[in-house]
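Everything below belongs to start_28.cif, which stores mmCIF, C-alpha atoms.
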```
data_start
#
loop_
_atom_site.label_atom_id
_atom_site.label_comp_id
_atom_site.auth_asym_id
_atom_site.auth_seq_id
_atom_site.Cartn_x
_atom_site.Cartn_y
_atom_site.Cartn_z
CA MET C 1 -202.36 -27.58 117.98
CA HIS C 2 -206.07 -26.85 118.13
CA VAL C 3 -207.30 -28.89 115.19
CA SER C 4 -211.04 -29.49 114.83
CA LEU C 5 -212.64 -32.66 113.52
CA ARG C 6 -214.42 -30.53 110.91
CA GLN C 7 -211.09 -29.25 109.59
CA LEU C 8 -209.75 -32.80 109.33
CA LYS C 9 -212.89 -34.00 107.56
CA VAL C 10 -212.75 -31.20 105.02
CA PHE C 11 -209.00 -31.62 104.49
CA GLU C 12 -209.40 -35.39 104.02
CA ALA C 13 -211.99 -34.85 101.29
CA VAL C 14 -209.80 -32.32 99.44
CA ALA C 15 -206.74 -34.58 99.76
CA ARG C 16 -208.66 -37.62 98.51
CA HIS C 17 -210.06 -35.84 95.45
CA LEU C 18 -207.16 -33.41 95.01
CA SER C 19 -209.89 -30.93 94.22
CA TYR C 20 -211.57 -28.21 96.27
CA THR C 21 -214.58 -28.29 93.97
CA ARG C 22 -215.24 -32.02 94.27
CA ALA C 23 -214.68 -31.92 98.03
CA ALA C 24 -217.21 -29.08 98.32
CA GLU C 25 -219.76 -31.08 96.30
CA GLU C 26 -219.26 -34.17 98.45
CA LEU C 27 -219.57 -32.25 101.72
CA HIS C 28 -222.40 -29.99 100.48
CA LEU C 29 -220.35 -26.90 101.29
CA SER C 30 -219.36 -23.85 99.29
CA GLN C 31 -215.86 -23.84 97.84
CA PRO C 32 -214.85 -20.75 99.90
CA ALA C 33 -215.95 -22.59 103.07
CA VAL C 34 -213.76 -25.57 102.13
CA SER C 35 -210.80 -23.30 101.37
CA MET C 36 -211.22 -21.54 104.72
CA GLN C 37 -211.17 -24.81 106.67
CA VAL C 38 -208.02 -25.96 104.89
CA ARG C 39 -206.36 -22.59 105.42
CA GLN C 40 -207.13 -22.70 109.15
CA LEU C 41 -205.67 -26.20 109.37
CA GLU C 42 -202.51 -25.04 107.60
CA GLU C 43 -202.19 -22.19 110.09
CA GLU C 44 -202.44 -24.64 112.97
CA ALA C 45 -199.90 -26.96 111.33
CA GLY C 46 -197.54 -24.11 110.54
CA LEU C 47 -196.78 -25.67 107.17
CA PRO C 48 -198.45 -25.68 103.75
CA LEU C 49 -200.43 -28.86 103.14
CA PHE C 50 -201.01 -28.37 99.41
CA GLU C 51 -198.96 -26.95 96.57
CA ARG C 52 -200.12 -25.89 93.12
CA LEU C 53 -198.70 -27.20 89.88
CA GLY C 54 -200.45 -25.38 87.07
CA ASN C 55 -204.16 -26.06 87.51
CA ARG C 56 -203.54 -29.05 89.77
CA ILE C 57 -203.08 -29.24 93.51
CA LEU C 58 -200.78 -31.77 95.14
CA LEU C 59 -200.10 -32.78 98.73
CA THR C 60 -196.89 -31.55 100.29
CA GLU C 61 -194.89 -33.86 102.55
CA ALA C 62 -196.67 -32.32 105.54
CA GLY C 63 -200.00 -32.77 103.76
CA ARG C 64 -199.35 -36.47 103.23
CA GLU C 65 -198.60 -36.91 106.93
CA VAL C 66 -201.76 -35.06 107.98
CA TYR C 67 -203.78 -37.06 105.45
CA GLU C 68 -202.68 -40.39 106.94
CA TYR C 69 -203.41 -39.27 110.50
CA GLY C 70 -206.72 -37.76 109.37
CA ARG C 71 -207.78 -41.04 107.75
CA THR C 72 -207.00 -42.93 110.96
CA ILE C 73 -208.99 -40.48 113.06
CA ASN C 74 -211.95 -40.44 110.66
CA SER C 75 -211.95 -44.24 110.53
CA ALA C 76 -212.04 -44.41 114.34
CA LEU C 77 -214.92 -41.92 114.42
CA GLN C 78 -216.83 -43.91 111.80
CA GLU C 79 -216.32 -47.09 113.83
CA MET C 80 -217.61 -45.31 116.93
CA GLU C 81 -220.71 -44.20 115.02
CA GLU C 82 -221.30 -47.76 113.83
CA VAL C 83 -221.03 -49.14 117.36
CA LEU C 84 -223.53 -46.56 118.59
CA GLU C 85 -225.86 -47.38 115.69
CA SER C 86 -225.65 -51.07 116.61
CA LEU C 87 -227.02 -50.20 120.03
CA LYS C 88 -230.01 -48.53 118.36
CA GLY C 89 -230.81 -51.53 116.18
CA VAL C 90 -231.07 -52.14 112.44
CA SER C 91 -234.23 -50.04 111.99
CA ARG C 92 -232.10 -46.96 111.43
CA GLY C 93 -228.60 -45.98 110.37
CA ARG C 94 -226.61 -45.09 107.27
CA LEU C 95 -225.26 -47.27 104.49
CA HIS C 96 -222.62 -46.15 101.96
CA LEU C 97 -222.37 -48.46 98.95
CA ALA C 98 -220.15 -48.35 95.88
CA VAL C 99 -220.89 -50.45 92.80
CA ALA C 100 -219.26 -51.10 89.46
CA SER C 101 -220.97 -49.36 86.56
CA THR C 102 -222.14 -52.74 85.23
CA VAL C 103 -223.70 -53.64 88.60
CA ASN C 104 -225.84 -50.51 88.33
CA TYR C 105 -227.93 -52.27 85.67
CA PHE C 106 -229.56 -54.31 88.44
CA ALA C 107 -228.58 -52.48 91.67
CA PRO C 108 -231.70 -50.23 91.66
CA ARG C 109 -233.92 -53.34 91.88
CA LEU C 110 -232.03 -54.54 94.94
CA LEU C 111 -231.96 -51.14 96.62
CA ALA C 112 -235.67 -50.52 96.06
CA ILE C 113 -236.64 -53.72 97.85
CA PHE C 114 -234.06 -53.22 100.60
CA GLN C 115 -235.30 -49.68 101.18
CA GLN C 116 -238.89 -50.93 101.47
CA ARG C 117 -237.85 -53.34 104.20
CA TYR C 118 -235.61 -50.87 106.04
CA PRO C 119 -237.08 -47.41 105.40
CA GLY C 120 -235.15 -45.91 108.30
CA ILE C 121 -231.75 -46.64 106.75
CA GLY C 122 -230.26 -43.80 104.71
CA LEU C 123 -228.52 -44.93 101.52
CA GLN C 124 -225.64 -43.35 99.63
CA LEU C 125 -224.68 -44.99 96.33
CA ASP C 126 -221.56 -44.34 94.26
CA VAL C 127 -221.42 -45.81 90.73
CA THR C 128 -217.91 -45.84 89.33
CA ASN C 129 -215.21 -47.83 87.56
CA ARG C 130 -212.98 -50.54 88.98
CA GLU C 131 -210.03 -48.23 89.65
CA GLN C 132 -212.12 -46.00 91.89
CA LEU C 133 -213.77 -48.97 93.62
CA VAL C 134 -210.36 -50.33 94.56
CA ARG C 135 -209.32 -46.89 95.82
CA MET C 136 -212.47 -46.67 97.96
CA LEU C 137 -211.70 -50.07 99.46
CA TYR C 138 -208.11 -49.05 100.16
CA ASP C 139 -209.26 -45.85 101.86
CA ASN C 140 -212.01 -47.71 103.73
CA ALA C 141 -214.29 -44.98 102.38
CA VAL C 142 -217.42 -47.12 101.90
CA ASP C 143 -219.24 -49.83 103.81
CA LEU C 144 -219.60 -52.36 101.00
CA VAL C 145 -218.62 -52.70 97.34
CA LEU C 146 -220.36 -54.74 94.64
CA MET C 147 -217.97 -55.64 91.83
CA GLY C 148 -216.89 -58.32 89.41
CA VAL C 149 -213.25 -59.07 90.21
CA PRO C 150 -212.14 -58.49 93.82
CA PRO C 151 -208.68 -56.95 94.24
CA THR C 152 -205.88 -59.37 95.07
CA ASP C 153 -203.33 -56.84 96.33
CA MET C 154 -205.10 -55.96 99.60
CA GLU C 155 -206.79 -57.87 102.39
CA VAL C 156 -210.51 -57.99 101.66
CA GLU C 157 -213.46 -60.22 102.34
CA SER C 158 -215.23 -61.18 99.11
CA GLU C 159 -218.43 -63.22 98.85
CA ALA C 160 -220.01 -64.33 95.58
CA PHE C 161 -223.71 -63.52 95.44
CA MET C 162 -224.88 -63.95 91.84
CA ALA C 163 -223.86 -65.28 88.44
CA ASN C 164 -222.25 -62.78 86.05
CA PRO C 165 -222.16 -64.54 82.67
CA LEU C 166 -220.04 -62.78 80.07
CA VAL C 167 -221.05 -63.07 76.43
CA VAL C 168 -219.69 -62.06 73.04
CA ILE C 169 -221.96 -59.53 71.36
CA ALA C 170 -222.33 -58.50 67.72
CA PRO C 171 -224.78 -56.57 65.52
CA PRO C 172 -227.60 -58.79 64.15
CA ASP C 173 -226.21 -58.66 60.60
CA HIS C 174 -222.73 -59.87 61.54
CA PRO C 175 -221.53 -62.84 59.41
CA LEU C 176 -221.08 -64.99 62.53
CA ALA C 177 -224.57 -64.31 63.88
CA GLY C 178 -226.59 -67.52 63.88
CA GLU C 179 -223.58 -69.85 63.57
CA ARG C 180 -223.17 -72.57 66.19
CA ALA C 181 -220.11 -73.62 68.22
CA ILE C 182 -217.81 -70.87 66.91
CA SER C 183 -214.18 -71.56 67.75
CA PRO C 184 -212.48 -68.74 69.73
CA ALA C 185 -209.69 -68.89 67.14
CA ARG C 186 -212.14 -67.62 64.52
CA LEU C 187 -212.44 -64.38 66.51
CA ALA C 188 -208.71 -63.64 66.23
CA ASP C 189 -209.34 -61.75 62.99
CA GLU C 190 -212.19 -59.70 64.46
CA ILE C 191 -211.79 -56.22 65.94
CA PHE C 192 -212.99 -55.84 69.54
CA VAL C 193 -214.39 -52.77 71.20
CA MET C 194 -212.67 -52.64 74.59
CA ARG C 195 -213.45 -51.33 78.04
CA GLU C 196 -210.77 -49.19 79.69
CA ALA C 197 -207.55 -50.76 81.00
CA GLY C 198 -208.15 -52.18 84.47
CA SER C 199 -211.83 -52.94 83.86
CA GLY C 200 -212.86 -56.28 85.35
CA THR C 201 -214.64 -57.27 82.14
CA ARG C 202 -211.57 -56.44 80.08
CA GLN C 203 -209.31 -58.41 82.42
CA THR C 204 -211.55 -61.45 82.11
CA MET C 205 -211.78 -61.07 78.34
CA GLU C 206 -208.01 -60.82 77.87
CA ARG C 207 -207.45 -63.76 80.22
CA PHE C 208 -209.95 -65.93 78.30
CA PHE C 209 -208.23 -65.41 74.96
CA GLY C 210 -204.72 -65.39 76.43
CA GLU C 211 -205.24 -68.82 77.99
CA ARG C 212 -205.99 -70.10 74.49
CA GLY C 213 -202.90 -68.49 72.97
CA LEU C 214 -204.95 -65.91 71.09
CA VAL C 215 -204.27 -62.19 70.74
CA ILE C 216 -207.34 -60.09 70.18
CA ARG C 217 -207.30 -57.04 67.94
CA HIS C 218 -208.10 -53.89 69.89
CA GLY C 219 -210.37 -51.34 68.30
CA MET C 220 -211.96 -48.42 70.09
CA GLN C 221 -211.67 -48.14 73.87
CA MET C 222 -214.69 -47.04 75.90
CA THR C 223 -215.19 -46.20 79.56
CA ARG C 224 -218.96 -46.82 79.64
CA ASN C 225 -221.04 -49.89 78.87
CA GLU C 226 -223.57 -47.83 76.91
CA ALA C 227 -220.81 -46.55 74.64
CA VAL C 228 -219.55 -50.10 74.07
CA LYS C 229 -223.01 -51.26 73.04
CA GLN C 230 -223.51 -48.32 70.69
CA ALA C 231 -220.14 -48.98 69.05
CA VAL C 232 -220.98 -52.66 68.49
CA ARG C 233 -224.42 -51.78 67.10
CA SER C 234 -222.72 -49.39 64.67
CA GLY C 235 -220.47 -52.16 63.35
CA LEU C 236 -217.22 -50.97 64.92
CA GLY C 237 -216.39 -54.40 66.28
CA LEU C 238 -217.40 -57.18 68.62
CA SER C 239 -217.16 -57.01 72.38
CA VAL C 240 -217.44 -59.05 75.57
CA VAL C 241 -219.96 -57.75 78.10
CA SER C 242 -221.96 -58.89 81.09
CA LEU C 243 -225.32 -60.37 80.15
CA HIS C 244 -226.87 -57.97 82.69
CA THR C 245 -226.04 -55.00 80.45
CA ILE C 246 -227.85 -56.13 77.28
CA GLU C 247 -231.29 -57.30 78.41
CA LEU C 248 -233.11 -54.60 76.42
CA GLU C 249 -230.90 -54.97 73.34
CA LEU C 250 -231.52 -58.73 73.20
CA GLU C 251 -235.28 -58.27 73.55
CA THR C 252 -235.36 -55.70 70.74
CA ARG C 253 -232.80 -57.56 68.58
CA ARG C 254 -230.50 -54.58 68.41
CA LEU C 255 -227.67 -56.87 69.47
CA VAL C 256 -227.14 -60.63 69.41
CA THR C 257 -224.88 -62.96 71.36
CA LEU C 258 -222.50 -65.16 69.41
CA ASP C 259 -222.37 -68.89 70.20
CA VAL C 260 -218.64 -68.98 70.91
CA GLU C 261 -217.15 -72.08 72.53
CA GLY C 262 -216.38 -71.28 76.17
CA PHE C 263 -219.10 -68.63 76.38
CA PRO C 264 -221.03 -67.65 78.35
CA ASP C 265 -217.91 -67.29 80.47
CA GLN C 266 -219.31 -68.08 83.90
CA ARG C 267 -218.19 -65.37 86.34
CA GLN C 268 -219.61 -64.09 89.60
CA TRP C 269 -220.56 -60.81 91.20
CA TYR C 270 -218.94 -60.25 94.58
CA LEU C 271 -219.78 -58.32 97.72
CA VAL C 272 -216.47 -56.94 99.00
CA TYR C 273 -215.26 -55.09 102.10
CA ARG C 274 -212.00 -54.60 103.96
CA ARG C 275 -210.92 -57.55 106.07
CA GLY C 276 -211.32 -56.78 109.76
CA LYS C 277 -213.87 -54.05 109.11
CA ARG C 278 -216.65 -53.98 111.68
CA LEU C 279 -219.86 -53.83 109.68
CA SER C 280 -222.66 -51.67 111.05
CA PRO C 281 -226.11 -53.21 111.57
CA ALA C 282 -227.25 -51.52 108.35
CA ALA C 283 -224.30 -52.95 106.41
CA ASN C 284 -224.83 -56.39 107.91
CA ALA C 285 -228.51 -56.27 106.99
CA PHE C 286 -227.66 -55.37 103.38
CA ARG C 287 -224.95 -58.05 103.22
CA GLU C 288 -227.38 -60.76 104.34
CA PHE C 289 -230.04 -59.43 101.97
CA VAL C 290 -227.69 -59.53 98.97
CA LEU C 291 -226.23 -62.96 99.75
CA THR C 292 -229.62 -64.61 100.23
CA GLU C 293 -231.91 -62.80 97.79
CA ALA C 294 -230.02 -60.96 95.03
CA ALA C 295 -229.91 -64.00 92.73
CA LEU C 296 -233.70 -64.34 93.05
CA ILE C 297 -234.49 -60.64 92.59
CA ALA C 298 -232.16 -59.73 89.73
CA PRO C 299 -230.91 -62.80 87.85
CA PRO C 300 -229.44 -62.13 84.40
CA LYS C 301 -232.31 -62.58 81.93
CA GLY C 302 -231.61 -65.11 79.22
CA PHE C 303 -228.97 -66.90 81.33
CA SER C 304 -230.86 -70.22 81.37
CA ARG C 305 -231.58 -70.03 77.65
CA LEU C 306 -227.96 -69.31 76.79
CA SER C 307 -226.76 -72.15 79.01
CA GLU C 308 -229.17 -74.57 77.33
CA ASP C 309 -228.25 -73.38 73.81
CA GLY C 310 -224.56 -73.84 74.57
CA ALA C 311 -225.08 -77.33 76.08
#
```
Mind turning this structure into structure tokens?
Amino acid sequence: MHVSLRQLKVFEAVARHLSYTRAAEELHLSQPAVSMQVRQLEEEAGLPLFERLGNRILLTEAGREVYEYGRTINSALQEMEEVLESLKGVSRGRLHLAVASTVNYFAPRLLAIFQQRYPGIGLQLDVTNREQLVRMLYDNAVDLVLMGVPPTDMEVESEAFMANPLVVIAPPDHPLAGERAISPARLADEIFVMREAGSGTRQTMERFFGERGLVIRHGMQMTRNEAVKQAVRSGLGLSVVSLHTIELELETRRLVTLDVEGFPDQRQWYLVYRRGKRLSPAANAFREFVLTEAALIAPPKGFSRLSEDGA
């Protein structure tokens, strides 16, 4: 077989997204160019690598085999690039980060300062949900991930770098607004606006109430923090969110935090990467930067005040 690295790279992107369009966008190629590379690879393999089911494409058995080998080859090539970059020093290189959507409320502050210090490092940032972050870690598709709850079903290195206090939010005119030391049991009759299943915030929220023998009433389900906040402001229910996501709403009194016993629920943000992964100089520089300075650059506003009020 005369398979090119370009063909494998294009095929890997299509197989990962199960979409020619998304692969073309990622690789900055036209869709016909992506289709041609896949077709040439299929000709070399002598077997179809994809099959169509309605509007969807799926990997064939041969496609799954090629995908696994392609991932191994691409990973080895990436490692080679990182070793070569390490010989050039940390003044240049590439860094691919993925962050949870909630992290993106403070990630730009971190990246702006990091970029000022290391202007020769090219940055790629993906902002997505927990499910996709875990998939990226599994595929070893990014250098580092910033998230709330590290996965427990794969071998990863996870290092806490900053407080992530979770709070109960309500509209300012809610009957419980202004009350002190609210028992969690009093929230059992309230409707909660939820993040999607699998969300780190939702997992923490359900664990908090479950440990106290309480079942929360699910209202609307949202996939974005902004949608959750809008729903709460409109009176559709309470919610549990990271304090990082509501700085503006607290300043403008569009939302309030409820003084519920056990809240703020003191969680952490984590820097996560695959165990055994050799970090490039650029990734190592960002890791050290985040672990030593993130809590000083982007602490959750109002954290000290909430802690004192709840004391």
- Message: If I take CA of Gly200 (chain C) and CA of Leu95 (chain C), how far is one from the other in Å, to one decimal?
- Response: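 CA of Gly200 (chain C) sits 24.5 Å away from CA of Leu95 (chain C).
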- So which residues touch Arg56 (chain C) within 8 Å, counting only C-alpha atoms, skipping near sequence neighbours fewer than 3 positions away, as a list of chain:residue names?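 The residues satisfying every condition are C:Leu18, C:Ser19, C:Arg52, C:Leu53.
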- Message: Nearest residue to Glu196 (chain C) out of C:Thr223, C:Arg71, C:Thr252, C:Leu243, using all atoms listed in the file?
- Response: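 Selected residue with least distance to Glu196 (chain C): C:Thr223.
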- Task: Report as a ChimeraX atom specification the full result of the PyMOL selection byres ((chain C and resi 6) around 12) when it is applied to this structure.
- Result: /C:2-5,7-13,27,29,33-34,36-38,40-41,70,73-74,77
Selection above as a file: C-alpha atoms, as an mmCIF file, in the frame of the given file:
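Printed below is again28.cif as written:
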```cif
data_model
loop_
_atom_site.group_PDB
_atom_site.id
_atom_site.type_symbol
_atom_site.label_atom_id
_atom_site.label_comp_id
_atom_site.auth_asym_id
_atom_site.auth_seq_id
_atom_site.Cartn_x
_atom_site.Cartn_y
_atom_site.Cartn_z
ATOM 1 C CA HIS C 2 -206.070 -26.850 118.130
ATOM 2 C CA VAL C 3 -207.300 -28.890 115.190
ATOM 3 C CA SER C 4 -211.040 -29.490 114.830
ATOM 4 C CA LEU C 5 -212.640 -32.660 113.520
ATOM 5 C CA GLN C 7 -211.090 -29.250 109.590
ATOM 6 C CA LEU C 8 -209.750 -32.800 109.330
ATOM 7 C CA LYS C 9 -212.890 -34.000 107.560
ATOM 8 C CA VAL C 10 -212.750 -31.200 105.020
ATOM 9 C CA PHE C 11 -209.000 -31.620 104.490
ATOM 10 C CA GLU C 12 -209.400 -35.390 104.020
ATOM 11 C CA ALA C 13 -211.990 -34.850 101.290
ATOM 12 C CA LEU C 27 -219.570 -32.250 101.720
ATOM 13 C CA LEU C 29 -220.350 -26.900 101.290
ATOM 14 C CA ALA C 33 -215.950 -22.590 103.070
ATOM 15 C CA VAL C 34 -213.760 -25.570 102.130
ATOM 16 C CA MET C 36 -211.220 -21.540 104.720
ATOM 17 C CA GLN C 37 -211.170 -24.810 106.670
ATOM 18 C CA VAL C 38 -208.020 -25.960 104.890
ATOM 19 C CA GLN C 40 -207.130 -22.700 109.150
ATOM 20 C CA LEU C 41 -205.670 -26.200 109.370
ATOM 21 C CA GLY C 70 -206.720 -37.760 109.370
ATOM 22 C CA ILE C 73 -208.990 -40.480 113.060
ATOM 23 C CA ASN C 74 -211.950 -40.440 110.660
ATOM 24 C CA LEU C 77 -214.920 -41.920 114.420
#
```
- Message: Given the point (-214.5, -59.3, 78.9) in the coordinates of this file, which residues lie within 8 Å, counting all atoms listed in the file, and how would they look as an NGL selection string?
- Response: :C and (166-167 or 200-206 or 239-242)
- Polymer residues at most 12 Å from Ser199 (chain C), only C-alpha atoms, same-chain spacing of 3 or more positions, as a PyMOL selection string: chain C and resi 100-102+128-134+147-151+194-196+202-206+221-225+240-241
